[in-house]
>>> print(open('input-v5.cif').read())   # mmCIF, C-alpha atoms
data_protein
#
loop_
_atom_site.label_atom_id
_atom_site.label_comp_id
_atom_site.auth_asym_id
_atom_site.auth_seq_id
_atom_site.Cartn_x
_atom_site.Cartn_y
_atom_site.Cartn_z
CA MET A 1 100.15 7.46 87.86
CA ALA A 2 100.56 9.39 84.63
CA ARG A 3 103.63 8.44 82.59
CA ILE A 4 105.49 11.34 80.95
CA ALA A 5 107.80 10.90 77.95
CA LEU A 6 110.91 13.09 78.00
CA ASP A 7 112.87 14.10 74.91
CA ALA A 8 116.38 13.33 76.13
CA MET A 9 118.12 14.77 73.06
CA GLY A 10 116.42 18.18 72.88
CA GLY A 11 117.97 21.35 74.29
CA ASP A 12 121.27 23.17 74.61
CA ASN A 13 122.28 21.04 77.59
CA ALA A 14 121.03 17.71 76.29
CA PRO A 15 121.33 14.95 77.09
CA ARG A 16 123.22 15.35 80.38
CA GLU A 17 120.94 17.92 82.05
CA ILE A 18 117.83 16.31 80.62
CA VAL A 19 118.74 12.96 82.14
CA ALA A 20 119.59 14.68 85.44
CA GLY A 21 116.10 16.21 85.49
CA ALA A 22 114.53 12.84 84.73
CA VAL A 23 116.40 11.20 87.60
CA ALA A 24 115.31 13.97 89.98
CA ALA A 25 111.70 13.55 88.84
CA ALA A 26 111.85 9.78 89.33
CA GLU A 27 113.20 10.33 92.84
CA GLU A 28 110.06 12.37 93.54
CA GLY A 29 107.90 9.46 92.44
CA MET A 30 107.14 10.45 88.85
CA ASP A 31 106.81 7.85 86.10
CA ILE A 32 109.28 8.95 83.40
CA VAL A 33 110.36 7.34 80.14
CA LEU A 34 113.41 8.77 78.38
CA VAL A 35 113.37 8.98 74.59
CA GLY A 36 116.69 9.26 72.77
CA ASP A 37 119.94 7.48 72.04
CA GLU A 38 119.67 4.38 74.22
CA VAL A 39 123.40 3.89 74.79
CA ILE A 40 124.01 7.52 75.77
CA CYS A 41 120.95 7.66 78.03
CA LYS A 42 121.85 4.46 79.86
CA ASP A 43 125.45 5.59 80.35
CA LEU A 44 124.25 8.86 81.90
CA LEU A 45 121.72 7.03 84.07
CA ALA A 46 124.52 4.78 85.30
CA GLU A 47 126.46 7.88 86.42
CA HIS A 48 123.49 8.69 88.67
CA GLY A 49 123.12 5.10 89.79
CA ALA A 50 119.61 5.18 88.38
CA THR A 51 117.49 2.99 86.13
CA LEU A 52 114.71 4.38 83.94
CA PRO A 53 112.96 3.00 80.87
CA VAL A 54 114.47 4.26 77.61
CA VAL A 55 112.84 4.28 74.17
CA HIS A 56 115.53 4.42 71.53
CA ALA A 57 115.41 7.21 68.95
CA SER A 58 118.15 7.39 66.32
CA GLU A 59 117.48 10.93 65.06
CA VAL A 60 117.31 14.48 66.39
CA ILE A 61 115.69 17.59 64.90
CA GLY A 62 118.17 20.42 65.39
CA MET A 63 117.35 23.94 66.53
CA GLY A 64 118.11 25.41 63.12
CA GLU A 65 116.18 22.86 61.05
CA ASP A 66 112.85 23.50 59.37
CA ALA A 67 110.40 22.12 61.92
CA GLY A 68 107.75 20.76 59.57
CA LYS A 69 110.32 19.20 57.26
CA GLY A 70 112.14 17.68 60.22
CA VAL A 71 109.00 16.00 61.54
CA ARG A 72 108.17 14.63 58.07
CA GLU A 73 111.65 13.43 57.17
CA LYS A 74 112.85 12.22 60.58
CA PRO A 75 110.19 9.82 61.87
CA ASP A 76 112.68 8.39 64.37
CA ALA A 77 113.53 11.80 65.87
CA SER A 78 113.31 11.83 69.67
CA VAL A 79 110.57 14.48 69.82
CA VAL A 80 108.50 12.65 67.18
CA ARG A 81 108.81 9.40 69.12
CA CYS A 82 107.68 11.24 72.27
CA ALA A 83 104.57 12.45 70.49
CA ARG A 84 103.92 8.97 69.13
CA LEU A 85 104.01 7.50 72.64
CA VAL A 86 101.31 9.98 73.65
CA ARG A 87 99.23 9.26 70.56
CA HIS A 88 99.31 5.50 71.23
CA GLY A 89 98.41 5.92 74.90
CA GLU A 90 101.82 4.75 76.14
CA ALA A 91 102.38 8.14 77.81
CA ALA A 92 99.94 10.80 79.01
CA GLY A 93 102.17 13.65 77.90
CA PHE A 94 105.64 14.65 76.82
CA VAL A 95 108.26 17.29 77.59
CA SER A 96 110.89 18.66 75.21
CA ALA A 97 113.52 21.39 75.56
CA GLY A 98 114.49 21.05 71.92
CA SER A 99 113.32 23.07 68.94
CA THR A 100 110.04 24.76 69.87
CA GLY A 101 108.87 24.56 66.28
CA ALA A 102 109.65 20.85 66.06
CA ALA A 103 107.88 20.11 69.35
CA MET A 104 104.80 22.04 68.24
CA ALA A 105 104.82 20.39 64.82
CA ALA A 106 105.23 16.90 66.28
CA ALA A 107 102.48 17.52 68.83
CA SER A 108 100.05 18.97 66.29
CA VAL A 109 100.69 16.42 63.53
CA VAL A 110 101.24 13.24 65.53
CA ILE A 111 99.03 13.79 68.59
CA GLY A 112 96.51 16.09 66.93
CA ARG A 113 94.16 18.74 68.25
CA ALA A 114 91.31 17.91 70.60
CA ARG A 115 87.80 17.93 69.15
CA GLY A 116 86.56 21.45 68.55
CA VAL A 117 89.97 23.10 68.89
CA GLN A 118 90.83 25.29 65.91
CA ARG A 119 94.35 26.21 67.03
CA ALA A 120 96.54 24.85 69.80
CA ALA A 121 98.14 27.66 71.82
CA LEU A 122 101.23 28.05 73.99
CA ALA A 123 100.12 28.90 77.52
CA THR A 124 102.80 30.34 79.79
CA ILE A 125 102.27 30.64 83.54
CA PHE A 126 103.88 33.94 84.46
CA PRO A 127 104.80 34.66 88.11
CA THR A 128 103.06 37.86 89.20
CA PRO A 129 102.19 39.38 92.61
CA GLY A 130 99.49 37.32 94.30
CA ASN A 131 98.37 34.60 91.93
CA ALA A 132 100.30 33.67 88.81
CA THR A 133 98.97 34.87 85.45
CA VAL A 134 98.38 32.62 82.43
CA VAL A 135 99.32 34.25 79.12
CA LEU A 136 98.36 32.68 75.78
CA ASP A 137 99.26 32.51 73.00
CA THR A 138 102.98 33.08 73.60
CA GLY A 139 104.31 31.88 70.28
CA ALA A 140 102.39 29.13 68.52
CA ASN A 141 100.19 31.31 66.27
CA THR A 142 101.55 34.59 64.95
CA GLU A 143 98.35 35.28 63.02
CA VAL A 144 94.91 34.49 64.44
CA LYS A 145 91.21 35.12 63.92
CA PRO A 146 88.76 36.44 66.53
CA ASP A 147 87.31 32.99 67.17
CA HIS A 148 90.78 31.66 67.90
CA LEU A 149 91.19 34.28 70.63
CA ALA A 150 87.80 33.34 72.05
CA GLN A 151 88.91 29.71 72.24
CA PHE A 152 92.19 30.77 73.85
CA GLY A 153 90.15 32.48 76.54
CA VAL A 154 88.29 29.27 77.33
CA MET A 155 91.44 27.13 77.26
CA GLY A 156 93.39 29.65 79.34
CA ALA A 157 90.67 29.65 81.99
CA VAL A 158 91.03 25.87 82.35
CA VAL A 159 94.82 26.20 82.65
CA ALA A 160 94.33 28.76 85.44
CA GLU A 161 91.90 26.43 87.21
CA VAL A 162 94.35 23.52 87.04
CA TYR A 163 97.59 25.31 87.88
CA VAL A 164 96.62 28.42 89.82
CA GLY A 165 93.71 26.81 91.68
CA LEU A 166 91.10 29.42 90.74
CA ASP A 167 87.40 28.58 90.49
CA THR A 168 86.42 31.47 88.21
CA PRO A 169 89.60 32.99 86.76
CA ARG A 170 89.31 36.47 85.28
CA VAL A 171 90.08 36.51 81.56
CA GLY A 172 91.30 39.67 79.85
CA LEU A 173 92.06 40.54 76.23
CA LEU A 174 95.41 42.23 75.63
CA ASN A 175 94.85 45.55 73.90
CA ILE A 176 96.18 49.12 73.60
CA GLY A 177 93.47 50.51 75.87
CA GLU A 178 90.69 49.45 78.21
CA GLU A 179 87.78 50.75 76.13
CA GLN A 180 85.85 48.20 74.08
CA ALA A 181 86.33 50.23 70.89
CA LYS A 182 90.14 50.08 71.14
CA GLY A 183 92.39 47.95 68.99
CA ARG A 184 92.32 46.39 65.56
CA SER A 185 89.28 44.73 64.06
CA LEU A 186 90.71 41.49 65.46
CA GLU A 187 90.45 42.66 69.06
CA LYS A 188 87.11 44.45 68.56
CA THR A 189 85.45 41.31 67.22
CA ALA A 190 87.19 39.03 69.71
CA PHE A 191 85.94 41.25 72.57
CA THR A 192 82.33 40.50 71.65
CA MET A 193 83.02 36.78 71.27
CA LEU A 194 84.83 36.58 74.60
CA GLU A 195 81.86 38.31 76.27
CA ALA A 196 79.64 35.48 75.02
CA ALA A 197 82.06 32.70 76.00
CA PRO A 198 81.52 30.58 79.17
CA ILE A 199 84.25 32.44 81.08
CA ASN A 200 84.62 35.32 83.51
CA PHE A 201 85.63 37.92 80.90
CA VAL A 202 86.78 41.23 82.41
CA GLY A 203 87.45 43.18 79.21
CA ASN A 204 90.57 44.70 77.72
CA ILE A 205 93.91 44.54 79.52
CA GLU A 206 96.96 46.67 78.74
CA GLY A 207 100.53 45.38 78.76
CA ARG A 208 101.34 47.19 81.98
CA ASP A 209 98.53 45.26 83.68
CA LEU A 210 100.43 41.95 83.50
CA ALA A 211 101.76 42.50 87.02
CA ALA A 212 98.81 44.56 88.28
CA GLY A 213 96.50 41.66 89.10
CA LYS A 214 93.66 42.82 86.85
CA ALA A 215 93.30 39.45 85.14
CA ASP A 216 94.30 35.85 85.83
CA VAL A 217 94.40 34.97 82.13
CA ILE A 218 95.58 37.28 79.34
CA VAL A 219 94.63 36.39 75.76
CA THR A 220 96.46 37.58 72.65
CA ASP A 221 98.01 36.37 69.39
CA GLY A 222 101.30 34.45 69.46
CA PHE A 223 103.42 37.28 68.05
CA THR A 224 102.26 39.85 70.59
CA GLY A 225 102.26 37.35 73.44
CA ASN A 226 105.83 36.30 72.76
CA VAL A 227 106.98 39.93 72.71
CA LEU A 228 105.08 40.62 75.95
CA LEU A 229 106.62 37.62 77.68
CA LYS A 230 110.21 38.32 76.66
CA THR A 231 109.90 42.03 77.39
CA ALA A 232 108.59 41.26 80.87
CA GLU A 233 111.40 38.77 81.49
CA GLY A 234 113.99 41.29 80.34
CA ALA A 235 112.49 44.04 82.48
CA ALA A 236 112.50 41.77 85.53
CA PHE A 237 116.19 40.95 85.15
CA TRP A 238 116.98 44.62 84.53
CA VAL A 239 115.26 45.64 87.77
CA ILE A 240 117.06 42.88 89.67
CA GLY A 241 120.35 44.06 88.19
CA LEU A 242 119.67 47.60 89.37
CA ALA A 243 118.82 46.29 92.82
CA MET A 244 122.06 44.29 92.95
CA GLU A 245 124.05 47.42 92.06
CA ALA A 246 122.32 49.34 94.83
CA LEU A 247 122.88 46.55 97.33
CA ALA A 248 126.60 46.53 96.55
CA THR A 249 126.86 49.87 98.34
CA LEU A 250 125.38 48.56 101.59
CA GLU A 251 127.33 47.44 104.59
CA GLN A 252 127.57 43.67 105.06
CA THR A 253 125.07 43.51 107.93
CA HIS A 254 122.43 45.40 105.94
CA LEU A 255 123.14 43.33 102.84
CA GLU A 256 122.58 40.07 104.70
CA ALA A 257 119.21 41.35 105.88
CA VAL A 258 117.80 41.99 102.40
CA LEU A 259 119.45 39.24 100.34
CA PRO A 260 116.88 36.52 101.20
CA ALA A 261 114.02 38.67 99.90
CA LEU A 262 115.95 39.47 96.72
CA ARG A 263 116.70 35.80 96.15
CA ARG A 264 112.97 35.02 96.42
CA VAL A 265 112.21 37.66 93.78
CA ARG A 266 114.93 36.31 91.52
CA HIS A 267 113.54 32.79 91.89
CA LEU A 268 110.04 33.95 90.93
CA THR A 269 111.28 35.72 87.80
CA ASP A 270 113.52 32.85 86.73
CA SER A 271 112.02 30.86 83.84
CA GLU A 272 113.55 27.69 85.30
CA SER A 273 111.18 27.86 88.26
CA THR A 274 108.20 27.60 85.88
CA GLY A 275 109.66 24.83 83.76
CA GLY A 276 107.96 25.47 80.44
CA ALA A 277 104.83 26.36 78.52
CA HIS A 278 101.86 24.11 77.80
CA LEU A 279 100.82 23.57 74.19
CA VAL A 280 97.16 23.44 75.13
CA GLY A 281 94.34 22.20 72.91
CA LEU A 282 95.81 18.82 71.97
CA LYS A 283 94.62 15.27 72.56
CA GLY A 284 97.52 14.86 74.99
CA VAL A 285 99.70 16.94 77.27
CA ALA A 286 102.73 18.67 75.76
CA VAL A 287 105.11 20.94 77.67
CA ILE A 288 107.82 22.87 75.84
CA ALA A 289 110.75 23.77 78.08
CA HIS A 290 113.34 26.49 77.48
CA GLY A 291 116.21 25.47 75.22
CA SER A 292 118.79 26.24 77.91
CA SER A 293 116.98 24.24 80.58
CA SER A 294 119.03 22.78 83.42
CA GLY A 295 118.12 19.61 85.28
CA THR A 296 116.07 21.71 87.71
CA ALA A 297 114.07 23.29 84.89
CA ILE A 298 113.41 19.86 83.38
CA LEU A 299 112.18 18.61 86.76
CA ASN A 300 109.75 21.54 86.92
CA ALA A 301 108.62 20.97 83.33
CA LEU A 302 107.93 17.31 84.09
CA THR A 303 105.96 18.38 87.15
CA LEU A 304 103.86 20.67 84.94
CA ALA A 305 103.18 17.83 82.52
CA ARG A 306 102.27 15.37 85.28
CA THR A 307 99.88 17.85 86.88
CA GLY A 308 98.19 18.51 83.55
CA ALA A 309 97.77 14.81 82.91
CA GLU A 310 96.54 13.93 86.40
CA GLN A 311 94.15 16.90 86.55
CA ASP A 312 92.70 15.95 83.13
CA LEU A 313 93.66 19.22 81.45
CA VAL A 314 92.93 17.74 78.01
CA GLY A 315 89.46 16.48 78.91
CA ARG A 316 88.49 19.65 80.74
CA VAL A 317 89.51 21.84 77.79
CA ALA A 318 87.51 19.70 75.36
CA SER A 319 84.47 19.66 77.65
CA ARG A 320 84.55 23.44 78.17
CA LEU A 321 84.87 24.16 74.45
CA ALA A 322 81.95 21.83 73.72
CA ALA A 323 79.82 23.97 76.04
CA ARG A 324 80.36 27.12 73.95
#
>>> encode(input="input-v5.cif", output="structure tokens")
Amino acid sequence: MARIALDAMGGDNAPREIVAGAVAAAEEGMDIVLVGDEVICKDLLAEHGATLPVVHASEVIGMGEDAGKGVREKPDASVVRCARLVRHGEAAGFVSAGSTGAAMAAASVVIGRARGVQRAALATIFPTPGNATVVLDTGANTEVKPDHLAQFGVMGAVVAEVYVGLDTPRVGLLNIGEEQAKGRSLEKTAFTMLEAAPINFVGNIEGRDLAAGKADVIVTDGFTGNVLLKTAEGAAFWVIGLAMEALATLEQTHLEAVLPALRRVRHLTDSESTGGAHLVGLKGVAVIAHGSSSGTAILNALTLARTGAEQDLVGRVASRLAAR
């Protein structure tokens, strides 16, 4: 069974909600090791009547700190210790809801990129009608080269195979139009490289196609991907808000008939149901959860990490890139 290290001190609701998520994961049979202040973690575990291994970490990298500087100057920070456990083979992956920059820096510096990977990328599994859609990069690399996007296409296809269960996922390139000649020189060159990659490339995809089912994987740079993701999340909550206003005018019997369907939609669009985003392309599994994660979100993030480890996400990415 794959052991997952959990940064107990990272996140707006740490460590209480983080520990609650770890306990829930352990109850489902996962092998979890908490990393953080040992006294605090054990006190919180005692409140749950639970016992889990704890690796003590005396430091924390705050949300507002410079990520690179924090990783260099705080070797005993909880997220750095998590990454070190993965590097030394004491854990197959780690989860953190703390500073995204610190988690990415610790993963990249301490764990390191897999052979052949030029840039690790944040891969977010976005709930869409039918199968979920993998979007990458969603924030790790604000500036990229065409070859980076081609690698993202290969890595994203593996993520879709592991998590969405697709044999030949369709990979699209996010652009301002469907025609091959559209976009900046970045997209034009990347289009040609993606065509030659060992993937099922379906061409350019527009932002509105995220929920249209035209691609299972959408590739873009981290700046654009992050904007796409947050815009889509905001639009989803806006639509749900409008629906709630409309439902408020219904009679009670009609309201009770439609509420279950609306709750299902709300669950699908809730980031907590996904758990987090994979930093894919490393020598180990790293999942970055939302800073405001509750215990439920942490449980889902740990499930993501365990699945990635047990389905050999790291090895499959390296093998696929070697075949390019």
>>> residues_around(input="input-v5.cif", residues="Leu34 of chain A", least_positions_apart="4", cutoff="7 Å", atoms="only C-alpha atoms", output="PyMOL selection string")
chain A and resi 5-8+53-55
>>> atom_distance(input="input-v5.cif", atom1="atom CA of Val287 of chain A", atom2="atom CA of Val95 of chain A")
4.8 Å
>>> resolve_selection(input="input-v5.cif", expression="the PyMOL selection byres ((chain A and resi 84) around 12)", output="ChimeraX atom specification")
/A:5,7,35,55,57,71,75-83,85-94,103,106-112,283-284,286
>>> atom_distance(input="input-v5.cif", atom1="atom CA of Ala211 of chain A", atom2="atom CA of Thr128 of chain A")
5.3 Å
>>> resolve_selection(input="input-v5.cif", expression="the PyMOL selection byres ((chain A and resi 158) around 12)", output="PyMOL selection string")
chain A and resi 123+134+136+151-157+159-171+198-200+216-217+278+280-281+308+311-321
>>> atom_distance(input="input-v5.cif", atom1="atom CA of Glu27 of chain A", atom2="atom CA of Leu45 of chain A")
12.7 Å
>>> closest_atom_pairs(input="input-v5.cif", of="segment 26-144 of chain A", to="segment 290-307 of chain A", cutoff="10 Å", atoms="only C-alpha atoms", output="JSON lines")
{"residue": "A:Ala26", "atom": "CA", "partner": "A:Leu299", "partner_atom": "CA", "distance": 9.2}
{"residue": "A:Glu28", "atom": "CA", "partner": "A:Leu299", "partner_atom": "CA", "distance": 9.5}
{"residue": "A:Met30", "atom": "CA", "partner": "A:Arg306", "partner_atom": "CA", "distance": 7.8}
{"residue": "A:Asp31", "atom": "CA", "partner": "A:Arg306", "partner_atom": "CA", "distance": 8.8}
{"residue": "A:Ile32", "atom": "CA", "partner": "A:Leu302", "partner_atom": "CA", "distance": 8.5}
{"residue": "A:Met63", "atom": "CA", "partner": "A:Gly291", "partner_atom": "CA", "distance": 8.9}
{"residue": "A:Ala92", "atom": "CA", "partner": "A:Arg306", "partner_atom": "CA", "distance": 8.1}
{"residue": "A:Gly93", "atom": "CA", "partner": "A:Ala305", "partner_atom": "CA", "distance": 6.3}
{"residue": "A:Phe94", "atom": "CA", "partner": "A:Ala305", "partner_atom": "CA", "distance": 7.0}
{"residue": "A:Val95", "atom": "CA", "partner": "A:Leu302", "partner_atom": "CA", "distance": 6.5}
{"residue": "A:Ser96", "atom": "CA", "partner": "A:His290", "partner_atom": "CA", "distance": 8.5}
{"residue": "A:Ala97", "atom": "CA", "partner": "A:Gly291", "partner_atom": "CA", "distance": 4.9}
{"residue": "A:Gly98", "atom": "CA", "partner": "A:Gly291", "partner_atom": "CA", "distance": 5.8}
{"residue": "A:Ser99", "atom": "CA", "partner": "A:Gly291", "partner_atom": "CA", "distance": 7.3}
{"residue": "A:Thr100", "atom": "CA", "partner": "A:Gly291", "partner_atom": "CA", "distance": 8.2}
>>> closest_residue(input="input-v5.cif", among="A:Thr231, A:Gln180, A:Thr138, A:Thr51", to="Arg208 of chain A", atoms="all atoms listed in the file")
A:Thr231
>>> closest_residue(input="input-v5.cif", among="A:Gly116, A:Pro15, A:Gly62, A:Pro127", to="Ala212 of chain A", atoms="all atoms listed in the file")
A:Pro127
>>> closest_residue(input="input-v5.cif", among="A:Val19, A:Ala277, A:Ala132, A:Ala67", to="Asp37 of chain A", atoms="only C-alpha atoms")
A:Val19
>>> closest_residue(input="input-v5.cif", among="A:His56, A:Ala2, A:Leu149, A:Thr220", to="Ala309 of chain A", atoms="all atoms listed in the file")
A:Ala2
